[in-house]
file final-v6.cif (mmCIF, N, CA, C and O atoms)
data_coords
#
loop_
_atom_site.label_atom_id
_atom_site.label_comp_id
_atom_site.auth_asym_id
_atom_site.auth_seq_id
_atom_site.Cartn_x
_atom_site.Cartn_y
_atom_site.Cartn_z
N VAL A 1 52.29 193.06 70.81
CA VAL A 1 52.61 194.45 70.48
C VAL A 1 53.75 194.91 71.37
O VAL A 1 53.75 194.67 72.58
N PHE A 2 54.72 195.60 70.76
CA PHE A 2 55.82 196.22 71.50
C PHE A 2 55.68 197.73 71.38
O PHE A 2 55.55 198.25 70.27
N ILE A 3 55.69 198.42 72.50
CA ILE A 3 55.68 199.88 72.51
C ILE A 3 56.89 200.33 73.30
O ILE A 3 57.02 200.03 74.49
N GLY A 4 57.79 201.04 72.64
CA GLY A 4 59.05 201.47 73.24
C GLY A 4 58.86 202.62 74.22
O GLY A 4 57.77 203.14 74.42
N TYR A 5 59.98 203.03 74.82
CA TYR A 5 59.91 204.11 75.79
C TYR A 5 59.71 205.45 75.08
O TYR A 5 60.08 205.63 73.93
N GLY A 6 59.09 206.37 75.76
CA GLY A 6 58.89 207.72 75.22
C GLY A 6 57.89 207.79 74.08
O GLY A 6 57.86 208.78 73.37
N VAL A 7 57.06 206.77 73.91
CA VAL A 7 56.03 206.82 72.87
C VAL A 7 54.84 207.60 73.42
O VAL A 7 54.39 207.36 74.53
N TRP A 8 54.35 208.54 72.62
CA TRP A 8 53.22 209.37 73.02
C TRP A 8 52.02 209.00 72.18
O TRP A 8 52.04 209.12 70.95
N LEU A 9 50.97 208.52 72.84
CA LEU A 9 49.70 208.25 72.19
C LEU A 9 48.77 209.42 72.51
O LEU A 9 48.84 209.98 73.59
N ASP A 10 47.93 209.77 71.58
CA ASP A 10 47.00 210.88 71.75
C ASP A 10 45.99 210.50 72.84
O ASP A 10 44.91 210.00 72.56
N PHE A 11 46.38 210.72 74.11
CA PHE A 11 45.60 210.17 75.23
C PHE A 11 44.18 210.71 75.31
O PHE A 11 43.30 210.04 75.83
N ASN A 12 43.91 211.90 74.79
CA ASN A 12 42.54 212.41 74.79
C ASN A 12 41.67 211.76 73.72
O ASN A 12 40.46 211.89 73.73
N ASN A 13 42.32 211.10 72.77
CA ASN A 13 41.61 210.48 71.65
C ASN A 13 42.06 209.04 71.42
O ASN A 13 42.01 208.54 70.31
N TYR A 14 42.49 208.38 72.49
CA TYR A 14 43.05 207.04 72.38
C TYR A 14 42.10 206.05 71.71
O TYR A 14 42.53 205.10 71.07
N GLN A 15 40.80 206.29 71.82
CA GLN A 15 39.81 205.38 71.24
C GLN A 15 39.85 205.41 69.71
O GLN A 15 39.29 204.53 69.05
N LEU A 16 40.55 206.37 69.11
CA LEU A 16 40.68 206.46 67.66
C LEU A 16 41.91 205.72 67.13
O LEU A 16 42.17 205.74 65.93
N ILE A 17 42.68 205.08 68.02
CA ILE A 17 43.88 204.36 67.61
C ILE A 17 43.61 202.86 67.61
O ILE A 17 43.18 202.32 68.63
N GLU A 18 43.85 202.21 66.47
CA GLU A 18 43.71 200.76 66.35
C GLU A 18 45.07 200.16 66.02
O GLU A 18 45.70 200.57 65.04
N ILE A 19 45.51 199.22 66.85
CA ILE A 19 46.82 198.59 66.67
C ILE A 19 46.62 197.09 66.51
O ILE A 19 46.02 196.45 67.39
N GLY A 20 47.12 196.53 65.40
CA GLY A 20 46.99 195.11 65.12
C GLY A 20 47.96 194.27 65.94
O GLY A 20 48.64 194.76 66.85
N ASP A 21 48.05 193.00 65.58
CA ASP A 21 48.94 192.06 66.26
C ASP A 21 50.37 192.20 65.75
O ASP A 21 50.61 192.55 64.60
N ASN A 22 51.32 191.88 66.63
CA ASN A 22 52.74 191.84 66.29
C ASN A 22 53.25 193.16 65.72
O ASN A 22 54.05 193.18 64.79
N VAL A 23 52.77 194.26 66.25
CA VAL A 23 53.20 195.60 65.84
C VAL A 23 54.33 196.05 66.76
O VAL A 23 54.28 195.81 67.97
N HIS A 24 55.32 196.71 66.19
CA HIS A 24 56.42 197.28 66.96
C HIS A 24 56.42 198.79 66.75
O HIS A 24 56.64 199.25 65.62
N ILE A 25 56.18 199.52 67.82
CA ILE A 25 56.26 200.98 67.79
C ILE A 25 57.48 201.32 68.63
O ILE A 25 57.45 201.22 69.86
N THR A 26 58.57 201.65 67.97
CA THR A 26 59.83 201.83 68.69
C THR A 26 59.88 203.19 69.39
O THR A 26 58.95 203.99 69.31
N HIS A 27 60.95 203.44 70.06
CA HIS A 27 61.11 204.56 70.98
C HIS A 27 60.81 205.92 70.34
O HIS A 27 61.09 206.16 69.18
N MET A 28 60.23 206.79 71.15
CA MET A 28 60.03 208.22 70.87
C MET A 28 59.06 208.52 69.73
O MET A 28 59.13 209.59 69.13
N CYS A 29 58.15 207.62 69.42
CA CYS A 29 57.17 207.87 68.36
C CYS A 29 55.98 208.66 68.92
O CYS A 29 55.72 208.66 70.12
N LEU A 30 55.27 209.33 68.01
CA LEU A 30 54.11 210.14 68.38
C LEU A 30 52.95 209.77 67.47
O LEU A 30 53.08 209.80 66.25
N LEU A 31 51.82 209.40 68.07
CA LEU A 31 50.61 209.08 67.31
C LEU A 31 49.56 210.13 67.64
O LEU A 31 49.07 210.19 68.78
N LEU A 32 49.23 210.97 66.66
CA LEU A 32 48.28 212.07 66.86
C LEU A 32 46.99 211.80 66.11
O LEU A 32 47.01 211.53 64.92
N CYS A 33 45.88 211.90 66.81
CA CYS A 33 44.56 211.72 66.19
C CYS A 33 43.84 213.05 66.00
O CYS A 33 42.69 213.07 65.60
N HIS A 34 44.48 214.15 66.32
CA HIS A 34 43.86 215.46 66.14
C HIS A 34 44.88 216.43 65.56
O HIS A 34 46.08 216.27 65.73
N GLN A 35 44.35 217.41 64.84
CA GLN A 35 45.18 218.51 64.34
C GLN A 35 44.26 219.70 64.09
O GLN A 35 43.05 219.55 63.95
N ARG A 36 44.84 220.88 64.02
CA ARG A 36 44.04 222.08 63.77
C ARG A 36 43.44 222.01 62.37
O ARG A 36 44.08 221.58 61.41
N ASN A 37 42.19 222.43 62.25
CA ASN A 37 41.51 222.47 60.97
C ASN A 37 41.79 223.81 60.31
O ASN A 37 41.20 224.83 60.68
N ILE A 38 42.71 223.81 59.35
CA ILE A 38 43.12 225.07 58.72
C ILE A 38 42.31 225.40 57.47
O ILE A 38 42.60 226.37 56.79
N GLU A 39 41.27 224.61 57.20
CA GLU A 39 40.45 224.86 56.01
C GLU A 39 39.74 226.21 56.07
O GLU A 39 39.46 226.82 55.04
N SER A 40 39.43 226.70 57.25
CA SER A 40 38.75 227.98 57.38
C SER A 40 39.65 229.03 58.03
O SER A 40 39.19 229.90 58.78
N TYR A 41 40.93 228.97 57.73
CA TYR A 41 41.91 229.91 58.29
C TYR A 41 42.20 230.98 57.24
O TYR A 41 42.59 230.67 56.12
N PHE A 42 42.01 232.24 57.62
CA PHE A 42 42.18 233.35 56.69
C PHE A 42 43.08 234.42 57.30
O PHE A 42 43.29 234.45 58.52
N VAL A 43 43.58 235.31 56.45
CA VAL A 43 44.43 236.41 56.90
C VAL A 43 43.71 237.18 58.01
O VAL A 43 42.52 237.51 57.89
N GLY A 44 44.42 237.41 59.09
CA GLY A 44 43.87 238.14 60.22
C GLY A 44 43.28 237.25 61.30
O GLY A 44 42.99 237.72 62.40
N ASP A 45 43.08 235.96 61.02
CA ASP A 45 42.54 235.03 62.02
C ASP A 45 43.60 234.68 63.05
O ASP A 45 44.80 234.77 62.79
N ASP A 46 43.14 234.26 64.21
CA ASP A 46 44.02 233.79 65.28
C ASP A 46 44.08 232.27 65.19
O ASP A 46 43.08 231.59 65.47
N ALA A 47 45.22 231.74 64.81
CA ALA A 47 45.37 230.29 64.61
C ALA A 47 45.06 229.50 65.89
O ALA A 47 44.61 228.36 65.81
N SER A 48 45.26 230.09 67.04
CA SER A 48 44.99 229.36 68.29
C SER A 48 43.50 229.16 68.53
O SER A 48 43.12 228.37 69.40
N ASN A 49 42.65 229.84 67.78
CA ASN A 49 41.21 229.67 67.91
C ASN A 49 40.63 228.67 66.92
O ASN A 49 39.42 228.43 66.93
N LEU A 50 41.46 228.11 66.06
CA LEU A 50 40.96 227.15 65.08
C LEU A 50 40.49 225.88 65.79
O LEU A 50 41.13 225.42 66.73
N PRO A 51 39.40 225.30 65.30
CA PRO A 51 38.93 224.04 65.91
C PRO A 51 39.83 222.88 65.50
O PRO A 51 40.59 222.98 64.54
N TYR A 52 39.71 221.81 66.25
CA TYR A 52 40.45 220.59 65.92
C TYR A 52 39.60 219.68 65.06
O TYR A 52 38.39 219.63 65.20
N LYS A 53 40.26 218.97 64.15
CA LYS A 53 39.58 217.86 63.47
C LYS A 53 40.27 216.59 63.94
O LYS A 53 41.47 216.57 64.20
N LYS A 54 39.48 215.53 64.06
CA LYS A 54 39.98 214.27 64.60
C LYS A 54 39.73 213.16 63.59
O LYS A 54 38.75 213.18 62.86
N ASP A 55 40.65 212.18 63.57
CA ASP A 55 40.49 211.03 62.69
C ASP A 55 41.28 209.86 63.26
O ASP A 55 42.19 210.04 64.07
N LYS A 56 40.92 208.66 62.80
CA LYS A 56 41.55 207.43 63.27
C LYS A 56 42.99 207.28 62.78
O LYS A 56 43.36 207.80 61.73
N ILE A 57 43.73 206.49 63.53
CA ILE A 57 45.00 205.92 63.09
C ILE A 57 44.81 204.41 63.15
O ILE A 57 44.43 203.87 64.20
N ILE A 58 45.09 203.74 62.04
CA ILE A 58 44.97 202.28 61.99
C ILE A 58 46.33 201.71 61.62
O ILE A 58 46.89 202.06 60.58
N ILE A 59 46.84 200.86 62.49
CA ILE A 59 48.12 200.19 62.26
C ILE A 59 47.82 198.70 62.17
O ILE A 59 47.42 198.09 63.16
N GLU A 60 47.99 198.14 60.97
CA GLU A 60 47.63 196.75 60.75
C GLU A 60 48.72 195.80 61.26
O GLU A 60 49.80 196.23 61.67
N ASP A 61 48.44 194.51 61.23
CA ASP A 61 49.32 193.47 61.77
C ASP A 61 50.74 193.54 61.18
O ASP A 61 50.92 193.79 59.99
N GLY A 62 51.72 193.27 62.04
CA GLY A 62 53.09 193.07 61.60
C GLY A 62 53.84 194.33 61.19
O GLY A 62 54.89 194.24 60.56
N VAL A 63 53.35 195.50 61.53
CA VAL A 63 54.00 196.76 61.16
C VAL A 63 55.15 197.06 62.12
O VAL A 63 55.06 196.80 63.32
N MET A 64 56.22 197.62 61.58
CA MET A 64 57.36 198.08 62.37
C MET A 64 57.51 199.59 62.13
O MET A 64 57.66 200.01 60.99
N ILE A 65 57.45 200.37 63.20
CA ILE A 65 57.56 201.83 63.10
C ILE A 65 58.87 202.24 63.74
O ILE A 65 59.08 202.03 64.94
N GLY A 66 59.75 202.86 62.95
CA GLY A 66 61.07 203.26 63.41
C GLY A 66 61.03 204.43 64.39
O GLY A 66 60.06 205.19 64.47
N MET A 67 62.12 204.57 65.12
CA MET A 67 62.24 205.58 66.18
C MET A 67 61.92 206.98 65.69
O MET A 67 62.22 207.35 64.56
N ASN A 68 61.30 207.74 66.59
CA ASN A 68 61.05 209.17 66.39
C ASN A 68 60.15 209.47 65.20
O ASN A 68 60.26 210.51 64.57
N THR A 69 59.24 208.56 64.89
CA THR A 69 58.29 208.75 63.79
C THR A 69 57.01 209.37 64.33
O THR A 69 56.58 209.06 65.44
N THR A 70 56.41 210.24 63.51
CA THR A 70 55.12 210.83 63.85
C THR A 70 54.07 210.29 62.88
O THR A 70 54.28 210.29 61.67
N ILE A 71 52.96 209.82 63.44
CA ILE A 71 51.83 209.33 62.65
C ILE A 71 50.69 210.34 62.82
O ILE A 71 50.25 210.59 63.94
N MET A 72 50.22 210.90 61.72
CA MET A 72 49.19 211.93 61.76
C MET A 72 47.79 211.34 61.63
O MET A 72 47.63 210.19 61.20
N PRO A 73 46.76 212.11 62.00
CA PRO A 73 45.38 211.63 61.94
C PRO A 73 44.99 211.19 60.53
O PRO A 73 45.43 211.78 59.55
N GLY A 74 44.16 210.15 60.47
CA GLY A 74 43.68 209.66 59.19
C GLY A 74 44.63 208.72 58.49
O GLY A 74 44.40 208.34 57.35
N SER A 75 45.71 208.32 59.16
CA SER A 75 46.70 207.43 58.55
C SER A 75 46.32 205.97 58.77
O SER A 75 45.86 205.60 59.84
N ARG A 76 46.55 205.18 57.75
CA ARG A 76 46.38 203.73 57.83
C ARG A 76 47.69 203.12 57.32
O ARG A 76 48.08 203.37 56.19
N ILE A 77 48.32 202.31 58.17
CA ILE A 77 49.58 201.66 57.80
C ILE A 77 49.28 200.20 57.54
O ILE A 77 48.86 199.47 58.43
N GLY A 78 49.49 199.79 56.28
CA GLY A 78 49.13 198.45 55.84
C GLY A 78 49.99 197.35 56.44
O GLY A 78 51.14 197.55 56.85
N LYS A 79 49.43 196.17 56.45
CA LYS A 79 50.04 194.97 57.02
C LYS A 79 51.47 194.78 56.52
O LYS A 79 51.76 194.91 55.34
N GLY A 80 52.38 194.45 57.47
CA GLY A 80 53.75 194.09 57.14
C GLY A 80 54.64 195.23 56.72
O GLY A 80 55.79 195.02 56.35
N SER A 81 54.17 196.46 56.79
CA SER A 81 54.98 197.60 56.35
C SER A 81 56.02 197.98 57.39
O SER A 81 55.86 197.72 58.58
N ILE A 82 57.07 198.62 56.92
CA ILE A 82 58.13 199.13 57.78
C ILE A 82 58.24 200.62 57.53
O ILE A 82 58.35 201.06 56.38
N ILE A 83 58.23 201.40 58.62
CA ILE A 83 58.36 202.85 58.55
C ILE A 83 59.74 203.21 59.07
O ILE A 83 60.09 202.88 60.20
N GLY A 84 60.54 203.87 58.24
CA GLY A 84 61.89 204.26 58.63
C GLY A 84 61.90 205.28 59.75
O GLY A 84 60.94 206.04 59.94
N ALA A 85 62.99 205.32 60.49
CA ALA A 85 63.14 206.26 61.61
C ALA A 85 62.98 207.70 61.14
O ALA A 85 63.30 208.03 60.00
N ASN A 86 62.48 208.53 62.03
CA ASN A 86 62.33 209.98 61.79
C ASN A 86 61.38 210.31 60.65
O ASN A 86 61.53 211.33 59.99
N SER A 87 60.40 209.47 60.41
CA SER A 87 59.45 209.69 59.32
C SER A 87 58.21 210.42 59.81
O SER A 87 57.89 210.42 61.00
N LEU A 88 57.50 211.03 58.86
CA LEU A 88 56.21 211.66 59.11
C LEU A 88 55.20 210.97 58.21
O LEU A 88 55.27 211.08 56.99
N VAL A 89 54.28 210.22 58.82
CA VAL A 89 53.26 209.48 58.07
C VAL A 89 51.99 210.32 58.00
O VAL A 89 51.41 210.66 59.03
N VAL A 90 51.61 210.65 56.77
CA VAL A 90 50.40 211.43 56.51
C VAL A 90 49.61 210.66 55.47
O VAL A 90 50.00 210.59 54.31
N GLY A 91 48.52 210.03 55.87
CA GLY A 91 47.71 209.26 54.91
C GLY A 91 48.02 207.79 54.96
O GLY A 91 48.54 207.27 55.95
N ASP A 92 47.71 207.11 53.86
CA ASP A 92 47.79 205.65 53.82
C ASP A 92 49.13 205.14 53.31
O ASP A 92 49.69 205.68 52.37
N ILE A 93 49.60 204.08 53.96
CA ILE A 93 50.80 203.35 53.55
C ILE A 93 50.32 201.98 53.10
O ILE A 93 49.68 201.26 53.87
N PRO A 94 50.61 201.58 51.84
CA PRO A 94 50.14 200.28 51.36
C PRO A 94 50.78 199.12 52.14
O PRO A 94 51.88 199.26 52.69
N PRO A 95 50.10 197.98 52.17
CA PRO A 95 50.69 196.80 52.82
C PRO A 95 52.01 196.41 52.18
O PRO A 95 52.22 196.64 50.98
N TRP A 96 52.89 195.84 52.97
CA TRP A 96 54.15 195.26 52.51
C TRP A 96 55.00 196.25 51.72
O TRP A 96 55.47 195.97 50.63
N THR A 97 55.17 197.44 52.31
CA THR A 97 56.08 198.43 51.72
C THR A 97 57.02 198.95 52.80
O THR A 97 56.73 198.87 53.98
N ILE A 98 58.13 199.50 52.35
CA ILE A 98 59.06 200.20 53.22
C ILE A 98 58.99 201.66 52.83
O ILE A 98 59.13 202.00 51.65
N VAL A 99 58.73 202.52 53.82
CA VAL A 99 58.64 203.95 53.57
C VAL A 99 59.53 204.70 54.54
O VAL A 99 59.86 204.20 55.62
N ALA A 100 59.92 205.91 54.14
CA ALA A 100 60.71 206.77 55.03
C ALA A 100 60.63 208.19 54.52
O ALA A 100 60.32 208.43 53.35
N GLY A 101 60.92 209.12 55.40
CA GLY A 101 61.03 210.52 55.01
C GLY A 101 59.96 211.40 55.63
O GLY A 101 59.12 210.97 56.40
N ASN A 102 60.04 212.68 55.25
CA ASN A 102 59.13 213.70 55.75
C ASN A 102 58.62 214.53 54.59
O ASN A 102 59.32 215.43 54.15
N PRO A 103 57.45 214.19 54.05
CA PRO A 103 56.55 213.10 54.45
C PRO A 103 57.07 211.75 53.96
O PRO A 103 57.88 211.68 53.03
N ALA A 104 56.58 210.69 54.59
CA ALA A 104 57.03 209.33 54.24
C ALA A 104 56.64 208.99 52.81
O ALA A 104 55.52 209.21 52.38
N LYS A 105 57.60 208.45 52.07
CA LYS A 105 57.40 208.02 50.69
C LYS A 105 57.86 206.59 50.54
O LYS A 105 58.75 206.13 51.26
N ILE A 106 57.28 205.88 49.58
CA ILE A 106 57.64 204.48 49.36
C ILE A 106 59.08 204.39 48.83
O ILE A 106 59.44 205.05 47.87
N ILE A 107 59.86 203.56 49.52
CA ILE A 107 61.24 203.28 49.11
C ILE A 107 61.31 201.95 48.38
O ILE A 107 62.05 201.79 47.41
N LYS A 108 60.52 200.99 48.87
CA LYS A 108 60.59 199.64 48.32
C LYS A 108 59.30 198.90 48.59
O LYS A 108 58.69 199.05 49.65
N ASN A 109 58.89 198.09 47.63
CA ASN A 109 57.80 197.14 47.84
C ASN A 109 58.42 195.82 48.26
O ASN A 109 59.38 195.36 47.63
N ILE A 110 57.90 195.23 49.31
CA ILE A 110 58.46 193.98 49.83
C ILE A 110 57.95 192.83 48.97
O ILE A 110 56.75 192.71 48.73
N LYS A 111 58.89 192.02 48.49
CA LYS A 111 58.55 190.92 47.59
C LYS A 111 57.97 189.72 48.34
O LYS A 111 58.25 189.51 49.52
N LYS A 112 57.22 188.89 47.61
CA LYS A 112 56.68 187.65 48.20
C LYS A 112 57.77 186.65 48.34
O LYS A 112 58.71 186.60 47.60
#
call {"tool": "encode", "arguments": {"input": "final-v6.cif", "output": "structure tokens"}}
result
Amino acid sequence: VFIGYGVWLDFNNYQLIEIGDNVHITHMCLLLCHQRNIESYFVGDDASNLPYKKDKIIIEDGVMIGMNTTIMPGSRIGKGSIIGANSLVVGDIPPWTIVAGNPAKIIKNIKK
């Protein structure tokens, strides 16, 4: 596993992060396992009082994550996938795909 400089792992919830073999997390990436639960947020509420919800991040074998990418809670990045720089990953990325953007979308399926 390669982890570049300036990578921030959700240190209070590090046990929710699973990283496979031969993964490259390049510089300045952020892996978050928590976010505010906005399901019960209504007009007049104070957003700073909202509780957090937590979920795993799973990065399977052979994944390459481009610089300055943010991975949100509940995301699973499939084996052999490549995440373009400056992407926001929300949810599942299928194995052997190239994704990029905010939010990350499939650009290409990697051929056999």
call {"tool": "resolve_selection", "arguments": {"input": "final-v6.cif", "expression": "the PyMOL selection byres (((chain A and resi 39-55 and name CA) around 12) and name CA)", "output": "ChimeraX atom specification"}}
result
/A:10,12-18,31-38,56-58,71-76,90-91
call {"tool": "select_by_dssp", "arguments": {"input": "final-v6.cif", "residues": "chain A", "states": "helix (DSSP H, G or I)", "output": "JSON, numbers by chain"}}
result
{"A": [11, 12, 13, 14, 15, 16, 38, 39, 40, 47, 48, 49]}
call {"tool": "resolve_selection", "arguments": {"input": "final-v6.cif", "expression": "the PyMOL selection byres ((chain A and resi 81-86) around 7)", "output": "compact mmCIF listing (two decimals) with N, CA, C and O atoms, keeping the file's coordinate frame"}}
result
# COMPACT_ATOMS: atom_id res chain seq x y z
N GLU A 60 47.99 198.14 60.97
CA GLU A 60 47.63 196.75 60.75
C GLU A 60 48.72 195.80 61.26
O GLU A 60 49.80 196.23 61.67
N ASP A 61 48.44 194.51 61.23
CA ASP A 61 49.32 193.47 61.77
C ASP A 61 50.74 193.54 61.18
O ASP A 61 50.92 193.79 59.99
N GLY A 62 51.72 193.27 62.04
CA GLY A 62 53.09 193.07 61.60
C GLY A 62 53.84 194.33 61.19
O GLY A 62 54.89 194.24 60.56
N VAL A 63 53.35 195.50 61.53
CA VAL A 63 54.00 196.76 61.16
C VAL A 63 55.15 197.06 62.12
O VAL A 63 55.06 196.80 63.32
N MET A 64 56.22 197.62 61.58
CA MET A 64 57.36 198.08 62.37
C MET A 64 57.51 199.59 62.13
O MET A 64 57.66 200.01 60.99
N ILE A 65 57.45 200.37 63.20
CA ILE A 65 57.56 201.83 63.10
C ILE A 65 58.87 202.24 63.74
O ILE A 65 59.08 202.03 64.94
N GLY A 66 59.75 202.86 62.95
CA GLY A 66 61.07 203.26 63.41
C GLY A 66 61.03 204.43 64.39
O GLY A 66 60.06 205.19 64.47
N MET A 67 62.12 204.57 65.12
CA MET A 67 62.24 205.58 66.18
C MET A 67 61.92 206.98 65.69
O MET A 67 62.22 207.35 64.56
N ASN A 68 61.30 207.74 66.59
CA ASN A 68 61.05 209.17 66.39
C ASN A 68 60.15 209.47 65.20
O ASN A 68 60.26 210.51 64.57
N THR A 69 59.24 208.56 64.89
CA THR A 69 58.29 208.75 63.79
C THR A 69 57.01 209.37 64.33
O THR A 69 56.58 209.06 65.44
N THR A 70 56.41 210.24 63.51
CA THR A 70 55.12 210.83 63.85
C THR A 70 54.07 210.29 62.88
O THR A 70 54.28 210.29 61.67
N ILE A 77 48.32 202.31 58.17
CA ILE A 77 49.58 201.66 57.80
C ILE A 77 49.28 200.20 57.54
O ILE A 77 48.86 199.47 58.43
N GLY A 78 49.49 199.79 56.28
CA GLY A 78 49.13 198.45 55.84
C GLY A 78 49.99 197.35 56.44
O GLY A 78 51.14 197.55 56.85
N LYS A 79 49.43 196.17 56.45
CA LYS A 79 50.04 194.97 57.02
C LYS A 79 51.47 194.78 56.52
O LYS A 79 51.76 194.91 55.34
N GLY A 80 52.38 194.45 57.47
CA GLY A 80 53.75 194.09 57.14
C GLY A 80 54.64 195.23 56.72
O GLY A 80 55.79 195.02 56.35
N SER A 87 60.40 209.47 60.41
CA SER A 87 59.45 209.69 59.32
C SER A 87 58.21 210.42 59.81
O SER A 87 57.89 210.42 61.00
N LEU A 88 57.50 211.03 58.86
CA LEU A 88 56.21 211.66 59.11
C LEU A 88 55.20 210.97 58.21
O LEU A 88 55.27 211.08 56.99
N ILE A 93 49.60 204.08 53.96
CA ILE A 93 50.80 203.35 53.55
C ILE A 93 50.32 201.98 53.10
O ILE A 93 49.68 201.26 53.87
N PRO A 94 50.61 201.58 51.84
CA PRO A 94 50.14 200.28 51.36
C PRO A 94 50.78 199.12 52.14
O PRO A 94 51.88 199.26 52.69
N PRO A 95 50.10 197.98 52.17
CA PRO A 95 50.69 196.80 52.82
C PRO A 95 52.01 196.41 52.18
O PRO A 95 52.22 196.64 50.98
N TRP A 96 52.89 195.84 52.97
CA TRP A 96 54.15 195.26 52.51
C TRP A 96 55.00 196.25 51.72
O TRP A 96 55.47 195.97 50.63
N THR A 97 55.17 197.44 52.31
CA THR A 97 56.08 198.43 51.72
C THR A 97 57.02 198.95 52.80
O THR A 97 56.73 198.87 53.98
N ILE A 98 58.13 199.50 52.35
CA ILE A 98 59.06 200.20 53.22
C ILE A 98 58.99 201.66 52.83
O ILE A 98 59.13 202.00 51.65
N VAL A 99 58.73 202.52 53.82
CA VAL A 99 58.64 203.95 53.57
C VAL A 99 59.53 204.70 54.54
O VAL A 99 59.86 204.20 55.62
N ALA A 100 59.92 205.91 54.14
CA ALA A 100 60.71 206.77 55.03
C ALA A 100 60.63 208.19 54.52
O ALA A 100 60.32 208.43 53.35
N GLY A 101 60.92 209.12 55.40
CA GLY A 101 61.03 210.52 55.01
C GLY A 101 59.96 211.40 55.63
O GLY A 101 59.12 210.97 56.40
N ASN A 102 60.04 212.68 55.25
CA ASN A 102 59.13 213.70 55.75
C ASN A 102 58.62 214.53 54.59
O ASN A 102 59.32 215.43 54.15
call {"tool": "atom_distance", "arguments": {"input": "final-v6.cif", "atom1": "CA of Lys105 in chain A", "atom2": "atom O of Ile25 in chain A"}}
result
20.3 Å
call {"tool": "atom_distance", "arguments": {"input": "final-v6.cif", "atom1": "atom C of Thr26 in chain A", "atom2": "CA of Ile107 in chain A"}}
result
20.3 Å
call {"tool": "atom_distance", "arguments": {"input": "final-v6.cif", "atom1": "CA of Ile106 in chain A", "atom2": "atom O of Ile59 in chain A"}}
result
18.3 Å
call {"tool": "select_by_dssp", "arguments": {"input": "final-v6.cif", "residues": "range 12-103 of chain A", "states": "strand (DSSP E)", "output": "JSON, numbers by chain"}}
result
{"A": [17, 18, 19, 24, 25, 30, 31, 34, 35, 36, 52, 53, 54, 57, 58, 59, 64, 65, 70, 71, 76, 77, 82, 83, 88, 89, 92, 93, 97, 98, 99, 100, 101]}
call {"tool": "closest_residue", "arguments": {"input": "final-v6.cif", "among": "A:Ala104, A:Val23, A:Asp92, A:Asn109", "to": "Gly4 in chain A", "atoms": "only C-alpha atoms"}}
result
A:Val23
call {"tool": "closest_residue", "arguments": {"input": "final-v6.cif", "among": "A:Pro103, A:Lys112, A:Val89, A:Phe2", "to": "Asn22 in chain A", "atoms": "only C-alpha atoms"}}
result
A:Phe2
call {"tool": "residues_near_point", "arguments": {"input": "final-v6.cif", "point": "(54.4, 207.8, 74.4)", "cutoff": "4.5 Å", "atoms": "only N, CA, C and O atoms", "output": "ChimeraX atom specification"}}
result
/A:6-9
call {"tool": "write_last_selection", "arguments": {"input": "final-v6.cif", "atoms": "N, CA, C and O atoms", "output": "compact mmCIF listing (two decimals), in the frame of the given file"}}
result
# COMPACT_ATOMS: atom_id res chain seq x y z
N GLY A 6 59.09 206.37 75.76
CA GLY A 6 58.89 207.72 75.22
C GLY A 6 57.89 207.79 74.08
O GLY A 6 57.86 208.78 73.37
N VAL A 7 57.06 206.77 73.91
CA VAL A 7 56.03 206.82 72.87
C VAL A 7 54.84 207.60 73.42
O VAL A 7 54.39 207.36 74.53
N TRP A 8 54.35 208.54 72.62
CA TRP A 8 53.22 209.37 73.02
C TRP A 8 52.02 209.00 72.18
O TRP A 8 52.04 209.12 70.95
N LEU A 9 50.97 208.52 72.84
CA LEU A 9 49.70 208.25 72.19
C LEU A 9 48.77 209.42 72.51
O LEU A 9 48.84 209.98 73.59
call {"tool": "axis_aligned_box", "arguments": {"input": "final-v6.cif", "around": "range 8-26 of chain A", "padding_each_side": "3 Å", "output": "JSON"}}
result
{"center_x": 49.6, "center_y": 202.1, "center_z": 70.2, "size_x": 26.6, "size_y": 26.6, "size_z": 17.2}
call {"tool": "decode", "arguments": {"input": "final-v6.cif", "residues": "range 17-37 of chain A", "atoms": "C-alpha atoms", "output": "PDB file, in the first residue's frame"}}
result
ATOM      1  CA  ILE A  17     -11.459   1.821   6.928  1.00  0.00           C
ATOM      2  CA  GLU A  18     -10.428  -1.342   5.054  1.00  0.00           C
ATOM      3  CA  ILE A  19      -7.591  -1.094   2.528  1.00  0.00           C
ATOM      4  CA  GLY A  20      -6.670  -4.019   0.269  1.00  0.00           C
ATOM      5  CA  ASP A  21      -3.305  -4.957  -1.205  1.00  0.00           C
ATOM      6  CA  ASN A  22      -1.424  -2.860  -3.763  1.00  0.00           C
ATOM      7  CA  VAL A  23      -3.603   0.220  -3.193  1.00  0.00           C
ATOM      8  CA  HIS A  24      -2.279   3.689  -4.027  1.00  0.00           C
ATOM      9  CA  ILE A  25      -3.814   6.628  -2.192  1.00  0.00           C
ATOM     10  CA  THR A  26      -2.029   9.612  -3.667  1.00  0.00           C
ATOM     11  CA  HIS A  27      -1.353  12.987  -2.089  1.00  0.00           C
ATOM     12  CA  MET A  28      -3.935  15.143  -0.296  1.00  0.00           C
ATOM     13  CA  CYS A  29      -6.803  12.617  -0.223  1.00  0.00           C
ATOM     14  CA  LEU A  30      -9.441  12.552   2.521  1.00  0.00           C
ATOM     15  CA  LEU A  31     -11.196   9.408   3.770  1.00  0.00           C
ATOM     16  CA  LEU A  32     -14.229  10.231   5.937  1.00  0.00           C
ATOM     17  CA  CYS A  33     -16.200   7.596   7.837  1.00  0.00           C
ATOM     18  CA  HIS A  34     -18.615  10.057   9.441  1.00  0.00           C
ATOM     19  CA  GLN A  35     -20.952  12.796   8.307  1.00  0.00           C
ATOM     20  CA  ARG A  36     -23.846  14.748   9.792  1.00  0.00           C
ATOM     21  CA  ASN A  37     -27.172  12.920   9.676  1.00  0.00           C
TER      22      ASN A  37
END
